[in-house]
Each structure stands twice: as C-alpha cells, then as structure tokens.
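The structure file run-v4.txt is reproduced below (compact mmCIF, C-alpha atoms and all ligand atoms).
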# COMPACT_ATOMS: atom_id res chain seq x y z
CA MET A 10 -37.95 -11.18 18.94
CA THR A 11 -39.81 -12.61 21.82
CA GLN A 12 -39.59 -10.20 24.68
CA ASN A 13 -41.39 -7.02 25.63
CA VAL A 14 -39.35 -4.66 27.72
CA THR A 15 -41.04 -3.43 30.86
CA ASP A 16 -40.22 -0.07 32.42
CA ALA A 17 -38.88 -1.95 35.43
CA LYS A 18 -36.46 -3.90 33.23
CA ARG A 19 -35.33 -0.72 31.48
CA GLN A 20 -34.63 0.89 34.84
CA ALA A 21 -32.84 -2.24 36.05
CA ILE A 22 -30.65 -2.16 32.92
CA ARG A 23 -29.84 1.46 33.51
CA ASP A 24 -28.91 0.75 37.12
CA GLN A 25 -26.25 -1.69 35.95
CA PHE A 26 -24.21 1.20 34.47
CA PRO A 27 -22.66 3.43 37.17
CA SER A 28 -21.27 5.86 34.58
CA LEU A 29 -24.80 6.67 33.39
CA ALA A 30 -26.05 7.72 36.81
CA GLY A 31 -25.17 11.41 36.29
CA ASP A 32 -26.68 14.02 34.04
CA VAL A 33 -24.75 13.29 30.86
CA VAL A 34 -26.73 11.92 27.91
CA TYR A 35 -24.40 9.46 26.24
CA LEU A 36 -25.18 9.04 22.55
CA GLU A 37 -21.67 8.33 21.28
CA ASN A 38 -21.90 4.59 21.70
CA ALA A 39 -20.55 3.74 18.26
CA GLY A 40 -17.32 5.33 19.53
CA GLY A 41 -17.33 3.10 22.60
CA SER A 42 -19.96 1.80 24.99
CA GLN A 43 -20.23 2.11 28.75
CA ALA A 44 -19.47 -0.88 30.98
CA PRO A 45 -21.86 -2.57 33.41
CA ARG A 46 -20.95 -3.14 37.04
CA SER A 47 -20.07 -6.82 36.45
CA VAL A 48 -17.41 -5.89 33.87
CA ILE A 49 -15.94 -3.13 36.03
CA ASP A 50 -15.88 -5.50 39.01
CA GLY A 51 -14.20 -8.19 36.90
CA VAL A 52 -11.32 -5.83 36.01
CA THR A 53 -10.88 -4.38 39.50
CA ARG A 54 -11.14 -7.74 41.27
CA TYR A 55 -8.48 -9.14 38.97
CA MET A 56 -6.13 -6.21 39.60
CA ARG A 57 -6.73 -6.34 43.34
CA GLU A 58 -6.49 -10.08 43.84
CA ASN A 59 -4.81 -11.71 40.90
CA TYR A 60 -2.45 -9.29 39.15
CA VAL A 61 0.28 -11.76 38.14
CA GLN A 62 1.54 -13.30 34.91
CA LEU A 63 0.09 -16.48 33.48
CA GLY A 64 1.82 -19.75 32.72
CA ALA A 65 3.72 -20.40 35.98
CA GLY A 66 2.98 -23.12 38.51
CA TYR A 67 1.88 -21.07 41.55
CA ALA A 68 -1.82 -20.86 42.28
CA LEU A 69 -2.34 -17.19 41.37
CA SER A 70 -0.62 -17.69 38.03
CA GLN A 71 -2.73 -20.75 37.30
CA LYS A 72 -5.82 -18.71 38.09
CA CYS A 73 -4.63 -16.07 35.61
CA THR A 74 -4.13 -18.75 32.94
CA GLN A 75 -7.64 -19.97 33.63
CA ILE A 76 -9.17 -16.47 33.33
CA VAL A 77 -7.47 -15.84 29.99
CA ASP A 78 -8.57 -19.27 28.70
CA GLU A 79 -12.11 -18.75 29.90
CA ALA A 80 -12.26 -15.31 28.25
CA HIS A 81 -11.33 -16.91 24.93
CA ALA A 82 -13.97 -19.59 25.43
CA PHE A 83 -16.62 -17.02 26.37
CA VAL A 84 -15.92 -14.82 23.34
CA ALA A 85 -15.98 -17.94 21.15
CA GLN A 86 -19.41 -18.75 22.59
CA LEU A 87 -20.53 -15.15 22.08
CA MET A 88 -19.52 -15.34 18.42
CA ASN A 89 -20.88 -18.89 18.02
CA ALA A 90 -17.42 -19.91 16.83
CA GLY A 91 -18.01 -23.66 16.65
CA ASP A 92 -14.65 -25.32 16.03
CA GLY A 93 -13.03 -22.08 14.81
CA HIS A 94 -10.57 -20.03 16.88
CA VAL A 95 -10.78 -16.60 18.52
CA ALA A 96 -7.69 -14.43 18.93
CA LEU A 97 -7.86 -11.53 21.37
CA GLY A 98 -5.89 -8.32 20.89
CA SER A 99 -5.71 -4.66 21.72
CA SER A 100 -8.01 -3.39 18.94
CA THR A 101 -9.71 -4.43 15.72
CA THR A 102 -7.28 -2.19 13.86
CA ALA A 103 -4.33 -4.07 15.36
CA LEU A 104 -5.86 -7.50 14.70
CA LEU A 105 -6.78 -6.79 11.07
CA THR A 106 -3.38 -5.22 10.41
CA MET A 107 -1.78 -8.36 11.84
CA LEU A 108 -4.07 -10.48 9.63
CA SER A 109 -3.09 -8.57 6.51
CA ASP A 110 0.61 -9.02 7.40
CA CYS A 111 -0.01 -12.77 7.70
CA TYR A 112 -1.58 -12.88 4.23
CA ARG A 113 1.29 -11.00 2.61
CA PRO A 114 3.48 -14.08 1.88
CA LEU A 115 0.50 -15.83 0.25
CA ILE A 116 -0.24 -13.04 -2.20
CA LYS A 117 0.86 -13.57 -5.81
CA PRO A 118 0.89 -10.88 -8.49
CA GLY A 119 -2.51 -10.91 -10.15
CA ASP A 120 -4.42 -11.86 -7.00
CA GLU A 121 -7.35 -9.57 -6.43
CA ILE A 122 -8.68 -8.13 -3.18
CA ILE A 123 -12.07 -6.48 -2.99
CA VAL A 124 -12.58 -3.82 -0.36
CA ALA A 125 -15.88 -2.12 0.47
CA GLU A 126 -15.90 1.65 0.07
CA SER A 127 -18.27 1.78 3.03
CA GLY A 128 -15.63 0.29 5.32
CA HIS A 129 -13.94 1.74 8.39
CA GLU A 130 -10.26 2.32 7.67
CA ALA A 131 -9.40 -0.59 10.01
CA ASN A 132 -10.71 -2.98 7.32
CA VAL A 133 -9.52 -0.91 4.35
CA GLY A 134 -5.96 0.28 4.96
CA PRO A 135 -4.51 -3.14 5.88
CA TRP A 136 -5.75 -4.60 2.57
CA LYS A 137 -4.54 -1.65 0.52
CA LYS A 138 -1.05 -2.43 1.81
CA LEU A 139 -1.13 -5.80 0.05
CA GLN A 140 -0.86 -3.96 -3.27
CA ALA A 141 2.86 -3.76 -2.49
CA ALA A 142 2.93 -7.58 -2.65
CA GLY A 143 1.32 -7.54 -6.10
CA ALA A 144 -2.37 -7.70 -5.24
CA GLU A 145 -4.82 -5.74 -7.32
CA LEU A 146 -7.29 -3.77 -5.22
CA LYS A 147 -10.88 -3.40 -6.37
CA TRP A 148 -13.54 -1.26 -4.70
CA TRP A 149 -17.02 -2.52 -3.90
CA ARG A 150 -18.70 0.78 -4.69
CA VAL A 151 -21.22 2.78 -2.70
CA ASP A 152 -24.09 4.42 -4.57
CA PRO A 153 -23.78 8.10 -3.52
CA GLN A 154 -27.50 8.65 -4.10
CA THR A 155 -28.69 5.93 -1.73
CA SER A 156 -25.53 5.28 0.33
CA ALA A 157 -26.14 1.55 -0.26
CA SER A 158 -23.49 -0.86 -1.59
CA PRO A 159 -25.44 -2.64 -4.35
CA ILE A 160 -24.82 -6.37 -4.39
CA GLU A 161 -24.77 -6.31 -8.21
CA GLY A 162 -21.65 -4.15 -8.00
CA LEU A 163 -19.98 -6.82 -5.91
CA ALA A 164 -21.13 -9.64 -8.21
CA GLU A 165 -19.39 -7.92 -11.15
CA LEU A 166 -16.07 -7.85 -9.27
CA LEU A 167 -15.93 -11.39 -7.91
CA ASN A 168 -13.96 -13.83 -10.05
CA PRO A 169 -11.58 -16.79 -9.54
CA LYS A 170 -8.65 -14.38 -9.01
CA THR A 171 -10.37 -12.85 -5.95
CA ARG A 172 -8.46 -13.90 -2.82
CA LEU A 173 -10.19 -11.77 -0.20
CA LEU A 174 -13.28 -9.66 0.23
CA ALA A 175 -13.19 -7.15 3.13
CA PHE A 176 -16.44 -5.43 4.13
CA PRO A 177 -18.35 -4.14 7.15
CA HIS A 178 -21.34 -5.98 8.56
CA VAL A 179 -22.69 -2.57 9.52
CA SER A 180 -21.18 0.74 8.44
CA ASN A 181 -20.26 2.75 11.55
CA LEU A 182 -21.50 5.84 9.76
CA LEU A 183 -24.61 4.57 7.93
CA GLY A 184 -26.07 2.01 10.35
CA ASP A 185 -27.34 -0.38 7.66
CA ILE A 186 -27.05 -4.16 8.20
CA GLU A 187 -25.55 -6.15 5.33
CA ASP A 188 -26.57 -9.72 4.54
CA VAL A 189 -23.33 -11.38 5.60
CA ALA A 190 -24.45 -14.94 4.83
CA GLN A 191 -25.40 -14.08 1.24
CA ILE A 192 -22.25 -12.05 0.60
CA THR A 193 -20.13 -14.85 2.03
CA ARG A 194 -21.82 -17.42 -0.23
CA MET A 195 -21.02 -15.22 -3.25
CA ALA A 196 -17.37 -14.91 -2.23
CA HIS A 197 -17.00 -18.61 -1.49
CA ALA A 198 -18.49 -19.47 -4.88
CA VAL A 199 -15.33 -18.06 -6.52
CA GLY A 200 -12.97 -19.40 -3.85
CA ALA A 201 -12.45 -16.08 -2.03
CA LYS A 202 -12.35 -15.59 1.73
CA VAL A 203 -14.29 -12.90 3.57
CA VAL A 204 -12.97 -10.56 6.26
CA VAL A 205 -15.98 -9.07 7.99
CA ASP A 206 -15.73 -6.02 10.23
CA GLY A 207 -18.44 -6.67 12.82
CA VAL A 208 -17.52 -3.77 15.10
CA ALA A 209 -20.64 -1.69 14.43
CA TYR A 210 -22.93 -4.73 14.46
CA ALA A 211 -21.79 -6.49 17.61
CA PRO A 212 -23.20 -4.00 20.19
CA HIS A 213 -26.71 -4.53 18.81
CA ARG A 214 -27.27 -8.14 17.66
CA ALA A 215 -25.92 -11.59 18.47
CA ILE A 216 -22.92 -12.58 16.34
CA ASP A 217 -23.27 -15.94 14.57
CA VAL A 218 -20.09 -16.67 12.63
CA SER A 219 -20.99 -20.36 12.23
CA GLY A 220 -24.45 -19.56 10.90
CA TRP A 221 -23.02 -17.09 8.39
CA ASN A 222 -20.11 -19.40 7.53
CA VAL A 223 -17.61 -16.53 7.46
CA ASP A 224 -13.84 -17.01 7.33
CA TRP A 225 -12.81 -14.00 9.44
CA TYR A 226 -14.88 -11.75 11.68
CA ALA A 227 -13.61 -9.02 14.01
CA TYR A 228 -15.22 -6.85 16.68
CA SER A 229 -14.08 -4.51 19.44
CA THR A 230 -15.03 -5.60 22.95
CA TYR A 231 -14.98 -2.01 24.22
CA LYS A 232 -18.01 -1.25 22.05
CA VAL A 233 -19.85 -4.27 23.43
CA TYR A 234 -19.98 -3.19 27.07
CA GLY A 235 -16.53 -4.58 27.83
CA PRO A 236 -12.91 -3.46 28.30
CA HIS A 237 -10.73 -1.91 25.61
CA MET A 238 -9.80 -5.01 23.58
CA ALA A 239 -10.89 -6.73 20.38
CA ALA A 240 -11.53 -10.22 19.05
CA LEU A 241 -10.79 -11.88 15.73
CA TYR A 242 -12.60 -15.08 14.81
CA GLY A 243 -11.10 -17.26 12.10
CA SER A 244 -12.35 -20.61 10.87
CA ARG A 245 -9.99 -23.54 11.42
CA GLU A 246 -9.32 -23.67 7.69
CA ALA A 247 -8.66 -19.93 7.42
CA PHE A 248 -6.15 -19.99 10.31
CA SER A 249 -4.43 -23.12 8.95
CA GLU A 250 -3.28 -21.29 5.79
CA LEU A 251 -1.37 -18.68 7.76
CA SER A 252 1.81 -18.52 9.75
CA GLY A 253 1.30 -16.56 12.99
CA PRO A 254 3.57 -13.64 13.91
CA ASN A 255 4.29 -14.54 17.55
CA HIS A 256 7.81 -15.70 18.66
CA PHE A 257 9.58 -18.45 16.69
CA PHE A 258 9.55 -20.95 19.56
CA ILE A 259 5.76 -20.84 19.84
CA PRO A 260 4.53 -23.73 17.68
CA GLU A 261 2.55 -22.90 14.54
CA ASP A 262 -0.37 -24.94 15.77
CA GLU A 263 -0.63 -23.06 19.05
CA ILE A 264 -3.63 -21.10 17.90
CA PRO A 265 -4.72 -18.47 18.87
CA TYR A 266 -1.54 -17.65 20.87
CA LYS A 267 0.60 -17.73 17.73
CA PHE A 268 -1.58 -14.83 16.52
CA GLU A 269 -1.63 -12.88 19.80
CA LEU A 270 1.57 -10.86 19.85
CA GLY A 271 2.50 -10.38 23.48
CA GLY A 272 -0.75 -11.98 24.60
CA PRO A 273 -4.01 -10.21 25.49
CA SER A 274 -4.63 -7.91 28.46
CA HIS A 275 -5.23 -10.15 31.48
CA GLU A 276 -7.37 -7.67 33.39
CA GLY A 277 -9.25 -7.10 30.13
CA CYS A 278 -9.96 -10.83 29.94
CA ALA A 279 -11.31 -10.71 33.49
CA GLY A 280 -13.57 -7.83 32.45
CA ILE A 281 -14.78 -9.68 29.36
CA LEU A 282 -15.82 -12.55 31.61
CA GLY A 283 -17.91 -10.09 33.63
CA LEU A 284 -20.04 -9.56 30.54
CA ALA A 285 -21.47 -13.08 30.91
CA GLU A 286 -23.07 -11.95 34.15
CA TYR A 287 -24.63 -8.91 32.47
CA LEU A 288 -25.97 -10.93 29.52
CA ALA A 289 -27.39 -13.47 31.97
CA PHE A 290 -29.16 -10.61 33.79
CA LEU A 291 -30.62 -9.35 30.48
CA ALA A 292 -31.81 -12.84 29.56
CA ASP A 293 -33.19 -13.57 33.05
CA VAL A 294 -30.78 -16.47 33.46
CA ASP A 295 -30.16 -16.94 37.19
CA ASP A 296 -26.72 -18.52 37.03
CA PRO A 297 -24.29 -16.86 34.54
CA ALA A 298 -22.33 -20.12 34.42
CA THR A 299 -25.31 -21.71 32.62
CA LEU A 300 -25.62 -18.94 30.01
CA ASP A 301 -25.89 -20.77 26.68
CA ARG A 302 -26.40 -19.75 23.07
CA ALA A 303 -30.15 -19.32 23.58
CA GLY A 304 -29.46 -17.04 26.54
CA ILE A 305 -27.03 -14.94 24.52
CA GLU A 306 -29.53 -14.59 21.69
CA SER A 307 -32.26 -13.70 24.16
CA ALA A 308 -30.04 -10.99 25.71
CA PHE A 309 -29.36 -9.41 22.32
CA ASP A 310 -33.04 -9.68 21.34
CA LEU A 311 -33.86 -7.68 24.42
CA MET A 312 -31.27 -5.07 23.44
CA THR A 313 -32.89 -4.80 20.00
CA GLN A 314 -36.31 -4.39 21.59
CA CYS A 315 -34.96 -1.58 23.73
CA GLU A 316 -33.34 0.20 20.79
CA LEU A 317 -36.07 0.05 18.15
CA PRO A 318 -38.48 2.68 19.55
CA LEU A 319 -35.59 5.06 20.22
CA GLN A 320 -34.14 4.86 16.73
CA ALA A 321 -37.63 5.12 15.18
CA ARG A 322 -38.29 8.34 17.10
CA LEU A 323 -34.98 9.91 16.08
CA VAL A 324 -35.11 8.86 12.42
CA SER A 325 -38.66 10.12 11.95
CA TYR A 326 -37.79 13.40 13.68
CA LEU A 327 -34.75 13.99 11.44
CA GLU A 328 -36.70 12.99 8.33
CA ASP A 329 -39.17 15.78 9.01
CA LEU A 330 -36.53 18.48 9.29
CA PRO A 331 -36.43 20.35 5.98
CA ARG A 332 -32.73 21.27 6.00
CA VAL A 333 -31.42 17.96 7.24
CA ARG A 334 -30.22 15.07 5.05
CA ILE A 335 -29.88 11.68 6.68
CA ILE A 336 -26.73 9.94 5.43
CA GLY A 337 -27.62 6.27 5.35
CA PRO A 338 -30.84 4.31 5.22
CA HIS A 339 -34.08 6.09 6.06
CA GLU A 340 -35.52 2.91 7.53
CA ASP A 341 -36.19 2.96 11.24
CA ASP A 342 -36.79 -0.76 11.75
CA ALA A 343 -34.62 -3.77 12.61
CA SER A 344 -32.93 -3.63 9.19
CA ARG A 345 -30.60 -1.03 10.71
CA VAL A 346 -28.99 -0.22 14.03
CA GLY A 347 -29.34 3.00 16.00
CA THR A 348 -26.29 4.65 14.48
CA ILE A 349 -27.79 7.64 12.70
CA SER A 350 -25.83 10.24 10.72
CA PHE A 351 -26.92 13.43 9.02
CA VAL A 352 -25.72 16.69 7.53
CA HIS A 353 -27.36 20.11 7.64
CA GLU A 354 -27.87 22.33 4.61
CA THR A 355 -26.42 25.52 6.08
CA GLN A 356 -24.55 24.51 9.24
CA SER A 357 -21.40 22.45 9.32
CA SER A 358 -21.37 19.18 11.25
CA ARG A 359 -18.88 20.78 13.61
CA GLU A 360 -21.22 23.71 14.33
CA VAL A 361 -24.16 21.43 15.00
CA THR A 362 -22.16 19.15 17.28
CA GLU A 363 -20.55 21.99 19.20
CA GLY A 364 -24.04 23.36 19.78
CA VAL A 365 -25.10 20.02 21.24
CA ASP A 366 -21.91 19.65 23.32
CA LYS A 367 -22.99 22.61 25.46
CA SER A 368 -26.05 20.68 26.67
CA ASN A 369 -24.03 17.84 28.20
CA ILE A 370 -25.16 15.50 25.43
CA ALA A 371 -22.39 13.38 23.94
CA ILE A 372 -22.53 12.99 20.15
CA ARG A 373 -19.80 13.34 17.53
CA TYR A 374 -19.00 14.73 14.11
CA GLY A 375 -16.43 13.87 11.45
CA HIS A 376 -15.61 11.03 9.07
CA MET A 377 -15.58 8.40 11.82
CA TYR A 378 -12.60 6.78 10.04
CA ALA A 379 -14.95 5.89 7.18
CA TYR A 380 -12.88 8.32 5.13
CA HIS A 381 -13.47 6.89 1.65
CA LEU A 382 -17.19 6.66 2.32
CA CYS A 383 -17.37 10.37 3.15
CA GLU A 384 -15.50 11.24 -0.04
CA VAL A 385 -17.81 9.05 -2.13
CA MET A 386 -20.86 10.64 -0.51
CA GLY A 387 -19.54 14.06 -1.55
CA LEU A 388 -18.80 15.12 2.04
CA GLU A 389 -15.67 16.94 3.13
CA PRO A 390 -14.26 14.20 5.40
CA GLU A 391 -12.95 16.39 8.23
CA ASP A 392 -16.42 17.85 8.76
CA GLY A 393 -18.11 14.60 7.76
CA VAL A 394 -21.46 13.99 9.41
CA VAL A 395 -23.18 14.53 12.73
CA ARG A 396 -23.51 11.07 14.25
CA VAL A 397 -25.88 10.05 17.02
CA SER A 398 -25.38 6.49 18.16
CA LEU A 399 -27.64 4.84 20.68
CA VAL A 400 -27.69 1.43 22.30
CA HIS A 401 -30.11 -0.48 24.50
CA TYR A 402 -29.39 1.41 27.74
CA ASN A 403 -30.40 4.76 26.31
CA THR A 404 -33.86 6.06 27.12
CA MET A 405 -36.68 7.89 25.34
CA ASP A 406 -36.16 10.81 27.74
CA GLU A 407 -32.60 11.12 26.47
CA ILE A 408 -33.73 11.10 22.84
CA ASP A 409 -36.32 13.74 23.72
CA ARG A 410 -33.63 15.86 25.39
CA LEU A 411 -31.52 15.66 22.24
CA ILE A 412 -34.52 16.53 20.06
CA GLU A 413 -35.23 19.58 22.22
CA VAL A 414 -31.65 20.78 21.62
CA PHE A 415 -31.92 19.99 17.89
CA ASP A 416 -35.20 21.94 17.76
CA ALA A 417 -33.37 25.04 18.92
CA LEU A 418 -30.32 24.45 16.70
CA LEU A 419 -31.54 23.06 13.41
C1 LIG B 1 -16.91 -0.23 12.10
C2 LIG B 1 -15.60 -0.11 12.82
N1 LIG B 1 -14.59 -0.90 12.46
C3 LIG B 1 -13.40 -0.85 13.07
C4 LIG B 1 -13.17 0.03 14.10
C5 LIG B 1 -11.82 0.06 14.75
O1 LIG B 1 -11.89 -0.55 15.99
P1 LIG B 1 -10.65 -0.45 17.00
O2 LIG B 1 -10.77 0.87 17.67
O3 LIG B 1 -10.87 -1.61 17.93
O4 LIG B 1 -9.42 -0.58 16.21
C6 LIG B 1 -14.19 0.89 14.51
C7 LIG B 1 -13.94 1.87 15.59
O5 LIG B 1 -14.59 2.87 15.70
C8 LIG B 1 -15.45 0.81 13.85
O6 LIG B 1 -16.46 1.60 14.21
Represent the structure contained in this file as structure tokens.
Ligand SMILES: Cc1ncc(COP(=O)(O)O)c(C=O)c1O
Amino acid sequence: MTQNVTDAKRQAIRDQFPSLAGDVVYLENAGGSQAPRSVIDGVTRYMRENYVQLGAGYALSQKCTQIVDEAHAFVAQLMNAGDGHVALGSSTTALLTMLSDCYRPLIKPGDEIIVAESGHEANVGPWKKLQAAGAELKWWRVDPQTSASPIEGLAELLNPKTRLLAFPHVSNLLGDIEDVAQITRMAHAVGAKVVVDGVAYAPHRAIDVSGWNVDWYAYSTYKVYGPHMAALYGSREAFSELSGPNHFFIPEDEIPYKFELGGPSHEGCAGILGLAEYLAFLADVDDPATLDRAGIESAFDLMTQCELPLQARLVSYLEDLPRVRIIGPHEDDASRVGTISFVHETQSSREVTEGVDKSNIAIRYGHMYAYHLCEVMGLEPEDGVVRVSLVHYNTMDEIDRLIEVFDALL
C-alpha cells in the first residue's frame, strides 16, 4: 500500500459515479456495484454507434470484433492471466455451471470433489450435480464458533482421489480473505484442480491468477464497476482437458469461444473496456492505453486505502453493540473486505433491514445464496444476516448516517 487518499481524490472518485449523486446511501455493493461514467459511456457509445454483429467484413462489424477481442485481453490483464484464457459470459453462475457440465464426462466413480461450506451456491450447486456422474462430494467444513474454514479440515480431506476443490476467495457473507496460493499448493500436491470463486474478492483487491497459480478463477464484472457479465479464467492446461460446449463446427482449440455459448454481450464488452479508463484515473495514469499491471495494482491499492477506515469504523461500532453478533471475522484490517454481516439478539434480520430501508440506505438481509453457510452457522437461511457491504466510493459520512439509523434501531 503506497498511496494516501486525499479528500480531493475521494471527491473526484465520487464524481465519477453519476448514480451516487443523489441522496441514496448505497451499501449493497456485494450485490452489485455502481458503474463509473467511462463504463456507462462505453456501453451507450457502442449501442449508438456500433450496434452490429461481429465477424463480418464491413467496417462496423470489424470494429465490433475488435471490441470483443480487446475486452477479453483487458480482463486477462486485469486477472494477470499470463498465457491462460479468459471466457466471458452472462454470470458467474452460468460460467461455473458450464464448467461443471464440461467436467462431467471426465468424472469416474470414486473421484472426489471437495466443496467449501462457506461457498456461494454458484460454486456449490454445479459441483453437487457431479454426484450423478459418480463423484463423491466432501465438505470443507466451517467452524460455527468462529465462522472460519480451518485449513486442517481441508488437509484431512485432500487425497489422490480428489479431482476438484471448489472454494470462495472471500465469502460474500463473511468478508474474510482466504490464502488462495497456499490452498492451491495443497490441492496441487495431490493432483487436484482448484475452482476459485473470486466474486466477493474482485471488487476490493487486484486479482493475480498467475501469482496464485490457480486452475480456474471466476468473478462477476457487474460487481467490479462494470456491466452485468462475468469472467472465467482457466489455465491453458485446465482448458486443454475439456471439450467446450459451443457448436460442433467451432474447433476445440478455439478457446475461449468454444466455452462461450452464444458469445458474450457486445455492449457489455464495450463497457468492460471503459473500466480501463476508470482504473487509469484511480492510478493517476494519464493515458488508459498505457495502463499496465503496476497501474492496475496501484488502482486497487487505492481502493483498499479508501475502504479500510470505513470498515474499521463499522466493525468497531457493531462490536460494541451488546445485542449484536458479527457473523464473520471481527478483524477490521486488510485481512478482510468491507462486507460485514451481523444478527441481532431480539430483532430478525428482516426487521432490522426494513427499519434501515426507510432511511434511503441500501443494505440487505437473507442468506445471500450462501445457504449452507447460514445453516452451519445455526441461522434460519431465509432471515439469514443483515449485510452491509461497502466499497471504495463510499464515504465516512455515509457510514455515519447508517450508524445513526442503527443507533435508533438496535
Ligand atoms: C461470492 C459470490 N459468488 C458467486 C456469485 C454469483 O454471481 P453471478 O450473479 O454472476 O452468477 C455471487 C453473487 O452474488 C457472489 O457473491
């Protein structure tokens, strides 16, 4: 972390987001983030000037082909994909379901798949389905006392029969950051591949799939200040094992297209490209075309610097409330992200959230699709938790406004 964030920079960040100009306090960012001007402009410019299909010879079509190619290259750079591939799709759920379908023919009876109990259903359900092909499913357990997923529990499960290990980089309910590189080393030591759900991590820190040496890594672009799409990184070796689901006449080695059923949203790709401009602005890089890995890391460092004081204020406030139990780590430092969940001793999560809704502050309650996790934590999933999720463009004033409402409610 190298940068201090000035008030002027914070205001300049805020000014990039037209949807935040009104009175609403938006603290439901783990559900989906807001988009900066450059992303919105990318989508609208495309639809105004270039709304054609790719792959033909006329100039507009060639431009469309170029935009879609460049979006893949930009996301690959964002993920530090090295010589791996990035497939784009409509959602992480869709991409991981497609991935599980691709693994189905490779599964033999007796193969084992380990799935983290802390996972979002997008990285749980698709792997459960492989039981029908003979796979044995094993759970990487959560400790209900601490909400952590002890690494010793995983070590006991891994063995040469393990084919896949599916887990979240960050739980979208707990906010803790797992050590992906270490977990991946453990899986690789027994010959297993990892499928990492990076959705709740990607809005907060720079992705580094090459550094972590993961096999598969997915995130949703609509939670990282972009349009409603998602990306799936796979190493060259991981992709080479699989047969892609796209049409029969598309060659097997046409990756990622073989894994992009129907192709990605073109206007979405144009929007994704707009994110380069926003990251360049964060990193004080004058020309977005020159944004490199260092610039991307610098942009995400700045986001972290913006978030840390906000999450520290909220965590310490909630910790001091006698009838509130934080679900997740109690740390307020960079070992977590600003996704903070809690339950109240006497009020349901629904009651608390409905109380907050009236103040034009956007938060959420429920299981957040981390259904198994809620059950393990002894929570009734439909009521689940109250979740406040902040990102770098939120302000201390907004946290204070929420705390004022909590003061009256809790
Ligand atoms: C941690 C996590 N994984 C996966 C998903 C699913 O993403 P998508 O909506 O792109 O399918 C979400 C969405 O909330 C999430 O928070």
Check: Which is closest to A:Glu79 among A:Leu282, A:Ile122, A:Leu419, A:Leu327, if we use all atoms listed in the file?
Finding: A:Leu282
Checklist line | Distance of atom CA of A:Ser127 from atom CA of A:Gln140, expressed in Å to one decimal place | finding: 19.4 Å
Who sits within 10 Å of stretch 130-135 of chain A, only C-alpha atoms, same chain under 4 positions skipped, as a PDB file with C-alpha atoms, keeping the file's coordinate frame:
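Final output, around-v3.pdb:
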ATOM      1  CA  SER A 100      -8.010  -3.390  18.940  1.00  0.00           C
ATOM      2  CA  THR A 101      -9.710  -4.430  15.720  1.00  0.00           C
ATOM      3  CA  THR A 102      -7.280  -2.190  13.860  1.00  0.00           C
ATOM      4  CA  ALA A 103      -4.330  -4.070  15.360  1.00  0.00           C
ATOM      5  CA  LEU A 104      -5.860  -7.500  14.700  1.00  0.00           C
ATOM      6  CA  LEU A 105      -6.780  -6.790  11.070  1.00  0.00           C
ATOM      7  CA  THR A 106      -3.380  -5.220  10.410  1.00  0.00           C
ATOM      8  CA  MET A 107      -1.780  -8.360  11.840  1.00  0.00           C
ATOM      9  CA  LEU A 108      -4.070 -10.480   9.630  1.00  0.00           C
ATOM     10  CA  SER A 109      -3.090  -8.570   6.510  1.00  0.00           C
ATOM     11  CA  ASP A 110       0.610  -9.020   7.400  1.00  0.00           C
ATOM     12  CA  ILE A 123     -12.070  -6.480  -2.990  1.00  0.00           C
ATOM     13  CA  VAL A 124     -12.580  -3.820  -0.360  1.00  0.00           C
ATOM     14  CA  ALA A 125     -15.880  -2.120   0.470  1.00  0.00           C
ATOM     15  CA  GLU A 126     -15.900   1.650   0.070  1.00  0.00           C
ATOM     16  CA  LEU A 139      -1.130  -5.800   0.050  1.00  0.00           C
ATOM     17  CA  GLN A 140      -0.860  -3.960  -3.270  1.00  0.00           C
ATOM     18  CA  TRP A 148     -13.540  -1.260  -4.700  1.00  0.00           C
ATOM     19  CA  ALA A 175     -13.190  -7.150   3.130  1.00  0.00           C
ATOM     20  CA  PHE A 176     -16.440  -5.430   4.130  1.00  0.00           C
ATOM     21  CA  PRO A 177     -18.350  -4.140   7.150  1.00  0.00           C
ATOM     22  CA  VAL A 204     -12.970 -10.560   6.260  1.00  0.00           C
ATOM     23  CA  VAL A 205     -15.980  -9.070   7.990  1.00  0.00           C
ATOM     24  CA  ASP A 206     -15.730  -6.020  10.230  1.00  0.00           C
ATOM     25  CA  ALA A 227     -13.610  -9.020  14.010  1.00  0.00           C
ATOM     26  CA  MET A 377     -15.580   8.400  11.820  1.00  0.00           C
ATOM     27  CA  TYR A 378     -12.600   6.780  10.040  1.00  0.00           C
ATOM     28  CA  ALA A 379     -14.950   5.890   7.180  1.00  0.00           C
ATOM     29  CA  TYR A 380     -12.880   8.320   5.130  1.00  0.00           C
ATOM     30  CA  HIS A 381     -13.470   6.890   1.650  1.00  0.00           C
ATOM     31  CA  LEU A 382     -17.190   6.660   2.320  1.00  0.00           C
TER      32      LEU A 382
END
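Remark: for ligand LIG 1 (chain B), the closest of the candidate residues A:Met238, A:Ala198, A:Ile216, A:Ile76 is A:Met238 (distances computed over all atoms listed in the file).
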Check: Can you find the residues with an atom no farther than 9 Å from (-20.3, 2.0, 10.9), counting all atoms listed in the file, and report them as a PyMOL selection string?
Finding: chain A and resi 39+127-129+177-185+208-210+348+377+379
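Atom CA of A:Ala144 is positioned 5.6 Å from atom CA of A:Pro118.
Considering all atoms listed in the file, the residue among A:Val352, A:Val233, A:Ala30, A:Ile335 positioned nearest to ligand LIG 1 (chain B) is A:Val233.
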Margin query: Show me the residues around (-29.0, 3.4, 27.6) - criterion: an atom at most 12 Å away, all atoms listed in the file counted - as a ChimeraX atom specification.
Written below: /A:18-30,33-38,42-45,212,234,312-313,315-316,319,347,398-408
Box dimensions and centre (Å, one decimal) enclosing ligand LIG 1 (chain B), axis-aligned, 3 Å extra per side, as AutoDock Vina command-line options:
--center_x -13.2 --center_y 0.6 --center_z 15.0 --size_x 13.5 --size_y 10.5 --size_z 11.8
Next item on the list: Measure the distance from atom CA of A:Lys367 to atom CA of A:Ile412 in Å and round it to one decimal.
Entry: 14.1 Å
Next item on the list: Compare A:Val14, A:Leu241, A:Leu174, A:Ala68 by their minimum atom-to-atom distance to ligand LIG 1 (chain B), counting only C-alpha atoms and all ligand atoms, and give me the closest one.
Entry: A:Leu241
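Remark: for A:Ile305, the closest of the candidate residues A:Leu163, A:Leu97, A:Val84, A:Ala343 is A:Val84 (distances computed over only C-alpha atoms).
Of the listed residues (A:His275, A:Lys137, A:His197, A:Arg396), A:Arg396 comes nearest to A:Ala371; the distances count all atoms listed in the file.
By chain and then residue number, the residues within 7 Å of A:Ser358 are Val352, Tyr374, Asp392, Gly393, Val394 and Val395 of chain A, counting only C-alpha atoms and disregarding those fewer than 5 positions away in sequence.
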